[in-house]
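Structure file work27.txt (compact mmCIF, C-alpha atoms) is printed below.
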# COMPACT_ATOMS: atom_id res chain seq x y z
CA MET A 1 -192.34 -75.76 -92.35
CA GLY A 2 -191.63 -79.35 -91.38
CA GLY A 3 -194.05 -82.23 -91.10
CA MET A 4 -194.04 -82.08 -87.28
CA THR A 5 -195.13 -78.46 -87.44
CA ARG A 6 -197.88 -79.10 -89.99
CA LEU A 7 -199.30 -82.02 -88.03
CA LEU A 8 -199.00 -80.76 -84.47
CA LEU A 9 -198.99 -77.02 -84.64
CA LEU A 10 -200.32 -74.24 -86.78
CA LEU A 11 -199.98 -70.71 -85.57
CA LEU A 12 -203.23 -68.84 -85.30
CA TRP A 13 -202.84 -66.91 -88.53
CA VAL A 14 -205.15 -66.84 -91.50
CA GLY A 15 -203.05 -66.23 -94.61
CA VAL A 16 -205.80 -64.81 -96.77
CA THR A 17 -206.53 -61.28 -97.79
CA VAL A 18 -208.85 -59.34 -95.54
CA SER A 19 -211.39 -59.02 -98.33
CA THR A 20 -211.88 -62.81 -98.42
CA ALA A 21 -215.35 -63.58 -97.04
CA VAL A 22 -217.25 -66.71 -96.02
CA ASP A 23 -220.92 -66.86 -94.99
CA LEU A 24 -220.39 -67.75 -91.35
CA GLN A 25 -223.62 -69.06 -89.87
CA LYS A 26 -221.96 -70.68 -86.84
CA ARG A 27 -219.94 -68.94 -84.12
CA ILE A 28 -216.31 -69.18 -82.96
CA ILE A 29 -216.34 -72.92 -82.54
CA GLY A 30 -218.84 -73.57 -79.76
CA GLY A 31 -219.03 -69.90 -78.76
CA GLN A 32 -221.12 -66.84 -79.56
CA THR A 33 -220.96 -63.19 -80.57
CA CYS A 34 -219.42 -61.20 -77.71
CA GLY A 35 -221.84 -58.99 -75.80
CA ASN A 36 -221.87 -55.32 -76.71
CA GLY A 37 -220.42 -54.43 -73.32
CA GLU A 38 -217.59 -56.94 -73.59
CA ARG A 39 -214.08 -56.59 -75.01
CA GLN A 40 -214.31 -53.10 -76.44
CA TYR A 41 -210.53 -53.08 -75.92
CA HIS A 42 -210.10 -55.81 -78.55
CA VAL A 43 -207.92 -54.80 -81.49
CA LYS A 44 -207.95 -56.38 -84.94
CA LEU A 45 -204.42 -56.53 -86.37
CA ILE A 46 -203.74 -56.97 -90.07
CA GLY A 47 -200.13 -57.76 -90.88
CA ASN A 48 -198.64 -57.76 -94.37
CA ASP A 49 -195.40 -59.45 -95.40
CA GLY A 50 -195.32 -57.58 -98.70
CA THR A 51 -197.47 -60.17 -100.48
CA HIS A 52 -200.18 -61.50 -98.17
CA ASN A 53 -202.32 -60.18 -95.34
CA PHE A 54 -202.48 -62.01 -92.00
CA LEU A 55 -205.12 -61.66 -89.30
CA CYS A 56 -204.36 -61.43 -85.58
CA GLY A 57 -205.91 -60.01 -82.45
CA GLY A 58 -204.65 -57.86 -79.62
CA SER A 59 -205.75 -56.05 -76.47
CA LEU A 60 -205.40 -52.43 -75.43
CA ILE A 61 -203.62 -52.41 -72.06
CA SER A 62 -203.32 -48.61 -71.90
CA ASP A 63 -204.31 -45.59 -73.98
CA GLN A 64 -201.41 -46.24 -76.37
CA TRP A 65 -200.17 -49.83 -76.00
CA ILE A 66 -201.44 -53.09 -77.50
CA LEU A 67 -200.47 -56.50 -76.12
CA THR A 68 -200.35 -59.32 -78.69
CA ALA A 69 -198.30 -62.32 -79.85
CA ALA A 70 -194.78 -61.89 -81.23
CA HIS A 71 -195.44 -64.19 -84.18
CA CYS A 72 -198.01 -61.64 -85.38
CA LYS A 73 -195.10 -59.35 -86.31
CA GLN A 74 -194.95 -58.55 -90.01
CA LYS A 75 -193.29 -56.00 -92.26
CA GLU A 76 -196.36 -53.80 -91.91
CA ILE A 77 -199.12 -53.90 -89.29
CA THR A 78 -202.39 -52.00 -89.23
CA ALA A 79 -204.31 -51.85 -85.95
CA TYR A 80 -208.11 -51.45 -86.07
CA LEU A 81 -209.60 -50.10 -82.85
CA GLY A 82 -213.26 -49.94 -81.91
CA VAL A 83 -214.16 -53.04 -83.92
CA HIS A 84 -216.50 -54.27 -81.18
CA PRO A 85 -219.30 -53.69 -80.97
CA GLY A 86 -219.03 -52.92 -84.66
CA LEU A 87 -221.04 -52.97 -87.84
CA GLY A 88 -219.62 -55.77 -90.00
CA PRO A 89 -217.59 -55.16 -93.16
CA GLY A 90 -219.62 -53.68 -95.98
CA THR A 91 -222.21 -52.17 -93.66
CA PRO A 92 -222.75 -48.41 -94.11
CA GLY A 93 -220.97 -46.49 -91.38
CA ALA A 94 -218.68 -49.38 -90.48
CA THR A 95 -215.53 -47.42 -91.25
CA ASN A 96 -216.56 -44.82 -88.66
CA LYS A 97 -216.17 -47.50 -86.01
CA HIS A 98 -212.50 -48.00 -86.79
CA LYS A 99 -209.32 -46.07 -86.23
CA THR A 100 -206.35 -47.16 -88.29
CA PHE A 101 -202.76 -46.67 -87.22
CA LYS A 102 -200.02 -47.50 -89.70
CA LYS A 103 -197.16 -45.91 -87.81
CA TRP A 104 -196.18 -48.02 -84.84
CA LYS A 105 -193.27 -49.63 -83.15
CA TYR A 106 -193.07 -53.16 -81.88
CA ILE A 107 -191.14 -54.58 -78.97
CA PHE A 108 -191.13 -58.32 -78.37
CA PHE A 109 -189.57 -60.13 -75.45
CA LYS A 110 -186.11 -61.24 -76.59
CA GLU A 111 -186.67 -63.75 -79.41
CA LYS A 112 -187.71 -66.85 -77.48
CA HIS A 113 -191.04 -65.64 -76.14
CA ASP A 114 -194.27 -65.27 -78.09
CA ILE A 115 -195.36 -61.94 -76.64
CA MET A 116 -195.16 -58.46 -78.15
CA LEU A 117 -196.15 -54.86 -77.49
CA LEU A 118 -197.25 -52.41 -80.18
CA LYS A 119 -197.24 -48.68 -79.54
CA LEU A 120 -199.86 -46.61 -81.35
CA GLU A 121 -198.91 -43.34 -82.96
CA LYS A 122 -201.73 -41.60 -81.07
CA THR A 123 -203.54 -42.24 -77.83
CA THR A 124 -207.09 -43.57 -77.75
CA THR A 125 -210.00 -42.95 -75.41
CA ILE A 126 -211.13 -46.58 -75.53
CA GLN A 127 -211.06 -48.16 -72.07
CA PRO A 128 -208.21 -50.73 -71.88
CA VAL A 129 -208.57 -54.21 -70.45
CA ASP A 130 -208.02 -54.53 -66.71
CA PRO A 131 -204.52 -55.75 -65.77
CA PRO A 132 -204.23 -59.11 -63.99
CA ASP A 133 -204.09 -59.80 -60.29
CA CYS A 134 -201.13 -62.15 -60.47
CA SER A 135 -201.67 -63.34 -56.91
CA LYS A 136 -204.97 -64.84 -58.11
CA ARG A 137 -204.15 -66.09 -61.58
CA PRO A 138 -206.45 -68.84 -62.93
CA THR A 139 -205.28 -72.42 -62.35
CA VAL A 140 -206.09 -75.80 -63.89
CA GLY A 141 -209.84 -76.35 -63.94
CA LYS A 142 -210.75 -72.65 -64.19
CA MET A 143 -212.66 -71.29 -67.18
CA VAL A 144 -211.21 -68.38 -69.15
CA GLN A 145 -212.69 -66.41 -72.02
CA VAL A 146 -211.00 -65.90 -75.39
CA ALA A 147 -212.15 -64.01 -78.46
CA GLY A 148 -211.27 -63.30 -82.06
CA HIS A 149 -212.36 -62.68 -85.63
CA GLY A 150 -211.00 -65.98 -86.92
CA PRO A 151 -213.19 -68.45 -88.87
CA THR A 152 -216.02 -70.16 -87.01
CA THR A 153 -217.05 -72.99 -89.32
CA LEU A 154 -216.08 -76.66 -89.38
CA GLY A 155 -216.84 -78.95 -92.32
CA PRO A 156 -218.76 -82.24 -91.90
CA ASN A 157 -215.46 -84.05 -91.30
CA GLY A 158 -214.40 -81.61 -88.60
CA LYS A 159 -211.95 -79.78 -90.83
CA ARG A 160 -211.56 -76.05 -90.38
CA VAL A 161 -213.12 -73.85 -93.08
CA PRO A 162 -211.01 -70.74 -93.91
CA GLY A 163 -212.53 -67.30 -93.57
CA GLU A 164 -213.07 -64.44 -91.17
CA SER A 165 -215.90 -63.62 -88.79
CA ASP A 166 -217.59 -60.27 -89.33
CA THR A 167 -218.27 -60.01 -85.61
CA LEU A 168 -216.08 -60.59 -82.58
CA GLN A 169 -216.68 -64.10 -81.24
CA CYS A 170 -216.25 -65.18 -77.60
CA VAL A 171 -215.81 -68.65 -76.13
CA GLU A 172 -214.93 -70.06 -72.70
CA LEU A 173 -212.24 -72.72 -72.40
CA GLU A 174 -210.98 -74.69 -69.43
CA ILE A 175 -207.33 -74.53 -68.39
CA VAL A 176 -206.04 -78.12 -68.57
CA ALA A 177 -202.28 -77.69 -68.02
CA ASN A 178 -199.95 -75.11 -66.50
CA SER A 179 -197.10 -75.66 -68.93
CA TYR A 180 -196.39 -77.15 -72.34
CA LYS A 181 -193.13 -77.74 -74.13
CA ASN A 182 -192.21 -81.39 -74.52
CA CYS A 183 -194.45 -82.48 -77.39
CA LEU A 184 -193.51 -79.60 -79.63
CA ASP A 185 -189.81 -79.31 -78.85
CA LYS A 186 -188.90 -80.24 -82.43
CA SER A 187 -191.38 -77.93 -84.15
CA ASP A 188 -190.31 -74.70 -85.82
CA TYR A 189 -192.55 -72.75 -83.47
CA MET A 190 -191.05 -74.23 -80.31
CA LYS A 191 -187.53 -73.76 -81.63
CA LYS A 192 -188.29 -70.05 -81.88
CA TYR A 193 -190.61 -69.46 -78.92
CA GLY A 194 -189.88 -72.46 -76.72
CA GLU A 195 -188.95 -70.39 -73.68
CA SER A 196 -192.45 -68.91 -73.45
CA HIS A 197 -194.49 -69.52 -70.31
CA PHE A 198 -197.41 -71.49 -71.73
CA LYS A 199 -200.68 -72.81 -70.38
CA LEU A 200 -203.10 -75.06 -72.25
CA TYR A 201 -206.87 -74.80 -72.51
CA GLN A 202 -209.58 -76.97 -74.01
CA SER A 203 -213.33 -77.60 -73.69
CA GLN A 204 -215.45 -80.19 -75.47
CA GLY A 205 -216.97 -78.86 -78.68
CA LYS A 206 -215.19 -75.52 -78.32
CA ASP A 207 -212.01 -74.16 -79.86
CA ILE A 208 -210.14 -71.11 -81.06
CA SER A 209 -209.47 -70.63 -84.76
CA LEU A 210 -206.78 -69.60 -87.21
CA GLY A 211 -206.51 -65.83 -87.07
CA ASP A 212 -207.11 -65.57 -83.31
CA SER A 213 -203.44 -65.23 -82.34
CA GLY A 214 -202.65 -62.41 -79.96
CA GLY A 215 -206.16 -62.07 -78.57
CA GLY A 216 -206.54 -61.67 -74.83
CA VAL A 217 -207.26 -64.54 -72.45
CA VAL A 218 -209.55 -63.09 -69.77
CA TYR A 219 -210.52 -64.27 -66.29
CA ASN A 220 -212.72 -62.20 -63.96
CA ASN A 221 -212.58 -59.43 -66.58
CA MET A 222 -208.78 -59.20 -66.30
CA ILE A 223 -206.23 -60.23 -68.92
CA TYR A 224 -204.10 -63.22 -67.96
CA GLY A 225 -202.95 -64.53 -71.31
CA VAL A 226 -202.27 -64.04 -75.01
CA ASN A 227 -203.48 -66.61 -77.57
CA ALA A 228 -200.43 -68.35 -79.01
CA PHE A 229 -201.09 -71.60 -80.87
CA THR A 230 -203.42 -74.45 -81.70
CA ARG A 231 -202.03 -77.96 -82.04
CA SER A 232 -204.24 -78.74 -85.02
CA GLY A 233 -204.72 -76.24 -87.78
CA THR A 234 -206.57 -78.83 -89.87
CA TYR A 235 -209.24 -80.06 -87.47
CA GLY A 236 -211.15 -78.19 -84.77
CA CYS A 237 -211.86 -79.38 -81.22
CA VAL A 238 -209.34 -82.24 -81.27
CA ALA A 239 -206.48 -80.94 -79.11
CA PRO A 240 -205.76 -78.24 -76.50
CA ALA A 241 -204.65 -74.80 -77.61
CA GLY A 242 -201.98 -72.74 -75.85
CA PHE A 243 -201.64 -69.24 -74.48
CA VAL A 244 -198.78 -67.23 -73.02
CA ASP A 245 -199.11 -66.51 -69.27
CA VAL A 246 -199.08 -62.70 -69.07
CA CYS A 247 -198.18 -62.62 -65.36
CA GLU A 248 -194.76 -64.07 -66.18
CA TYR A 249 -194.07 -60.92 -68.24
CA LYS A 250 -195.51 -58.31 -65.90
CA GLU A 251 -192.19 -56.62 -65.12
CA TRP A 252 -191.21 -56.56 -68.78
CA ILE A 253 -194.55 -54.99 -69.76
CA GLU A 254 -194.25 -52.30 -67.08
CA LYS A 255 -190.66 -51.48 -68.00
CA THR A 256 -191.24 -51.49 -71.76
CA ALA A 257 -194.53 -49.61 -71.88
CA GLY A 258 -193.89 -47.41 -68.86
CA ILE A 259 -197.23 -48.26 -67.29
CA LYS A 260 -198.39 -49.68 -63.98
CA PHE A 261 -199.60 -53.12 -64.97
CA GLU A 262 -201.49 -54.27 -61.91
CA PRO A 263 -205.13 -54.22 -60.78
CA ARG A 264 -206.48 -50.69 -60.91
CA VAL A 265 -208.49 -48.89 -58.31
CA ALA A 266 -212.02 -48.39 -59.64
CA GLY A 267 -212.12 -45.41 -61.97
CA GLN A 268 -208.33 -45.08 -62.17
CA PRO A 269 -206.98 -45.00 -65.75
CA ASN A 270 -203.97 -46.98 -66.92
CA SER A 271 -202.21 -44.52 -69.20
CA GLY A 272 -198.79 -44.88 -70.71
Can I see the file as structure tokens?
Amino acid sequence: MGGMTRLLLLLLWVGVTVSTAVDLQKRIIGGQTCGNGERQYHVKLIGNDGTHNFLCGGSLISDQWILTAAHCKQKEITAYLGVHPGLGPGTPGATNKHKTFKKWKYIFFKEKHDIMLLKLEKTTTIQPVDPPDCSKRPTVGKMVQVAGHGPTTLGPNGKRVPGESDTLQCVELEIVANSYKNCLDKSDYMKKYGESHFKLYQSQGKDISLGDSGGGVVYNNMIYGVNAFTRSGTYGCVAPAGFVDVCEYKEWIEKTAGIKFEPRVAGQPNSG
């Protein structure tokens, strides 16, 4: 990976084994543990390239489909459902909170867009996230919520400390730009995913972390984005992060997953 990529962009992976642990006293940078009634549709994804494990997030958008980032694709992917509210790793009964699917298929949008769908081998009864109302998508100045199991600690110099959060962490960030391409045109990431429809978000003292890729960006309890990148993988809270605008891929999601991806009538399921 070139110097431009290392300095300006680090994908939201954490390239450590899942068993690696850090005593995380702080929260997702500037955030807090998600409420028990929030984000039960969040999925923890563990990818393996044959040598290392990589952490990502995802969101159930139906009883069988997960929406995540394309760069989370690996040779093998395991999806953990029901991780929130959960009982952290090592706690008796924790494994009963998870369902693991190792047989799946992935479909990502061409090869220039950082968005991907995973199909579970079996359906789940977990309530999926509400689809977006694309006529009312959040604009610059609006606050959106993101979440993940990525590390939550910064060192005294502001550097990110590797690790993984035992609990799902939530934070609200402000949308600061409706698009982003120019600064990263020469990076490896932008060469591969430069046609994605990005938005940027940032709030003082708050940030997403390595390992949060693919997690849902939520506004008014509806999913409007997928976490894609942070411009600084070394320091936290120094630059805006980016997400993929889900509304730009609505037709592709509906066609690929065979679901109706639009605001549901109260009580109406979104199966597919």
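Atom pair atom CA of Phe198 of chain A / atom CA of Asn227 of chain A has a distance of 9.7 Å (rounded to one decimal).
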Can you work out which one of A:Cys247, A:Ala147, A:Thr78, A:Lys122 has the shortest atom-to-atom distance to Tyr41 of chain A, counting only C-alpha atoms? A:Ala147
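Checking A:Glu262, A:Glu38, A:Asp188, A:Glu172 one by one against Val217 of chain A, counting all atoms listed in the file, you find the shortest gap at A:Glu172.
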Please indicate the distance in Å from atom CA of Gly225 of chain A to atom CA of His149 of chain A, rounded to one decimal place. 17.2 Å
State, in Å with one decimal place, the distance from atom CA of Glu254 of chain A to atom CA of Leu120 of chain A.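 We find that atom CA of Glu254 of chain A and atom CA of Leu120 of chain A lie 16.4 Å from each other.
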From the options A:Pro156, A:Gly148, A:Pro240, A:Gly141, which residue's atoms come nearest to Asp212 of chain A, counting all atoms listed in the file?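 Once distances to Asp212 of chain A are computed over all atoms listed in the file, the minimum belongs to A:Gly148.
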Could you tell me which of A:Lys119, A:His71, A:His52, A:Lys105 comes closest to Ala228 of chain A if we count all atoms listed in the file? A:His71
For Ala257 of chain A: contacts at 12 Å, all atoms listed in the file, fewer than 5 positions along chain excluded, given as a VMD selection string: chain A and resid 60 to 67 105 to 108 116 to 120 249 to 252 270 to 272
Would you save the residues of that selection, restricted to C-alpha atoms, as a JSON list (two decimals), in the coordinates of the input?
[["chain", "number", "residue", "atom", "x", "y", "z"],
["A", 60, "LEU", "CA", -205.40, -52.43, -75.43],
["A", 61, "ILE", "CA", -203.62, -52.41, -72.06],
["A", 62, "SER", "CA", -203.32, -48.61, -71.90],
["A", 63, "ASP", "CA", -204.31, -45.59, -73.98],
["A", 64, "GLN", "CA", -201.41, -46.24, -76.37],
["A", 65, "TRP", "CA", -200.17, -49.83, -76.00],
["A", 66, "ILE", "CA", -201.44, -53.09, -77.50],
["A", 67, "LEU", "CA", -200.47, -56.50, -76.12],
["A", 105, "LYS", "CA", -193.27, -49.63, -83.15],
["A", 106, "TYR", "CA", -193.07, -53.16, -81.88],
["A", 107, "ILE", "CA", -191.14, -54.58, -78.97],
["A", 108, "PHE", "CA", -191.13, -58.32, -78.37],
["A", 116, "MET", "CA", -195.16, -58.46, -78.15],
["A", 117, "LEU", "CA", -196.15, -54.86, -77.49],
["A", 118, "LEU", "CA", -197.25, -52.41, -80.18],
["A", 119, "LYS", "CA", -197.24, -48.68, -79.54],
["A", 120, "LEU", "CA", -199.86, -46.61, -81.35],
["A", 249, "TYR", "CA", -194.07, -60.92, -68.24],
["A", 250, "LYS", "CA", -195.51, -58.31, -65.90],
["A", 251, "GLU", "CA", -192.19, -56.62, -65.12],
["A", 252, "TRP", "CA", -191.21, -56.56, -68.78],
["A", 270, "ASN", "CA", -203.97, -46.98, -66.92],
["A", 271, "SER", "CA", -202.21, -44.52, -69.20],
["A", 272, "GLY", "CA", -198.79, -44.88, -70.71]]
Given the point (-202.9, -64.6, -76.8) in the file's coordinates, find the residues that have an atom at most 6 Å from it, counting only C-alpha atoms, and give them as a list in words.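 Those within range, by chain then number, are Ala69, Ser213, Gly214, Gly215, Gly216, Gly225, Val226, Asn227, Ala228 and Phe243 of chain A.
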Let's have the selection written as a PDB file, in the frame of the given file, with C-alpha atoms.
ATOM      1  CA  ALA A  69    -198.300 -62.320 -79.850  1.00  0.00           C
ATOM      2  CA  SER A 213    -203.440 -65.230 -82.340  1.00  0.00           C
ATOM      3  CA  GLY A 214    -202.650 -62.410 -79.960  1.00  0.00           C
ATOM      4  CA  GLY A 215    -206.160 -62.070 -78.570  1.00  0.00           C
ATOM      5  CA  GLY A 216    -206.540 -61.670 -74.830  1.00  0.00           C
ATOM      6  CA  GLY A 225    -202.950 -64.530 -71.310  1.00  0.00           C
ATOM      7  CA  VAL A 226    -202.270 -64.040 -75.010  1.00  0.00           C
ATOM      8  CA  ASN A 227    -203.480 -66.610 -77.570  1.00  0.00           C
ATOM      9  CA  ALA A 228    -200.430 -68.350 -79.010  1.00  0.00           C
ATOM     10  CA  PHE A 243    -201.640 -69.240 -74.480  1.00  0.00           C
TER      11      PHE A 243
END
Selected residue of minimal separation from Ile259 of chain A among A:Gly58, A:Gly35, A:Pro85, A:Pro131, counting only C-alpha atoms: A:Pro131
Please check which residues have atoms at most 10 Å from (-214.7, -62.3, -65.2) in the file's coordinates, counting all atoms listed in the file, and write them as a PDB file with C-alpha atoms, in the coordinates of the input.
ATOM      1  CA  MET A 143    -212.660 -71.290 -67.180  1.00  0.00           C
ATOM      2  CA  VAL A 144    -211.210 -68.380 -69.150  1.00  0.00           C
ATOM      3  CA  GLN A 145    -212.690 -66.410 -72.020  1.00  0.00           C
ATOM      4  CA  VAL A 218    -209.550 -63.090 -69.770  1.00  0.00           C
ATOM      5  CA  TYR A 219    -210.520 -64.270 -66.290  1.00  0.00           C
ATOM      6  CA  ASN A 220    -212.720 -62.200 -63.960  1.00  0.00           C
ATOM      7  CA  ASN A 221    -212.580 -59.430 -66.580  1.00  0.00           C
ATOM      8  CA  MET A 222    -208.780 -59.200 -66.300  1.00  0.00           C
ATOM      9  CA  ILE A 223    -206.230 -60.230 -68.920  1.00  0.00           C
TER      10      ILE A 223
END
Long-range neighbours of Leu200 of chain A as an MDAnalysis selection string, 6 Å cut-off, only C-alpha atoms, 5 positions minimum in chain: chainID A and resid 175:177 240:242
Given only C-alpha atoms as the counted atoms, nearest of A:Val244, A:Lys110, A:Arg39, A:Gly50 to Gly82 of chain A: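 Ranking A:Val244, A:Lys110, A:Arg39, A:Gly50 by distance to Gly82 of chain A, first place goes to A:Arg39.
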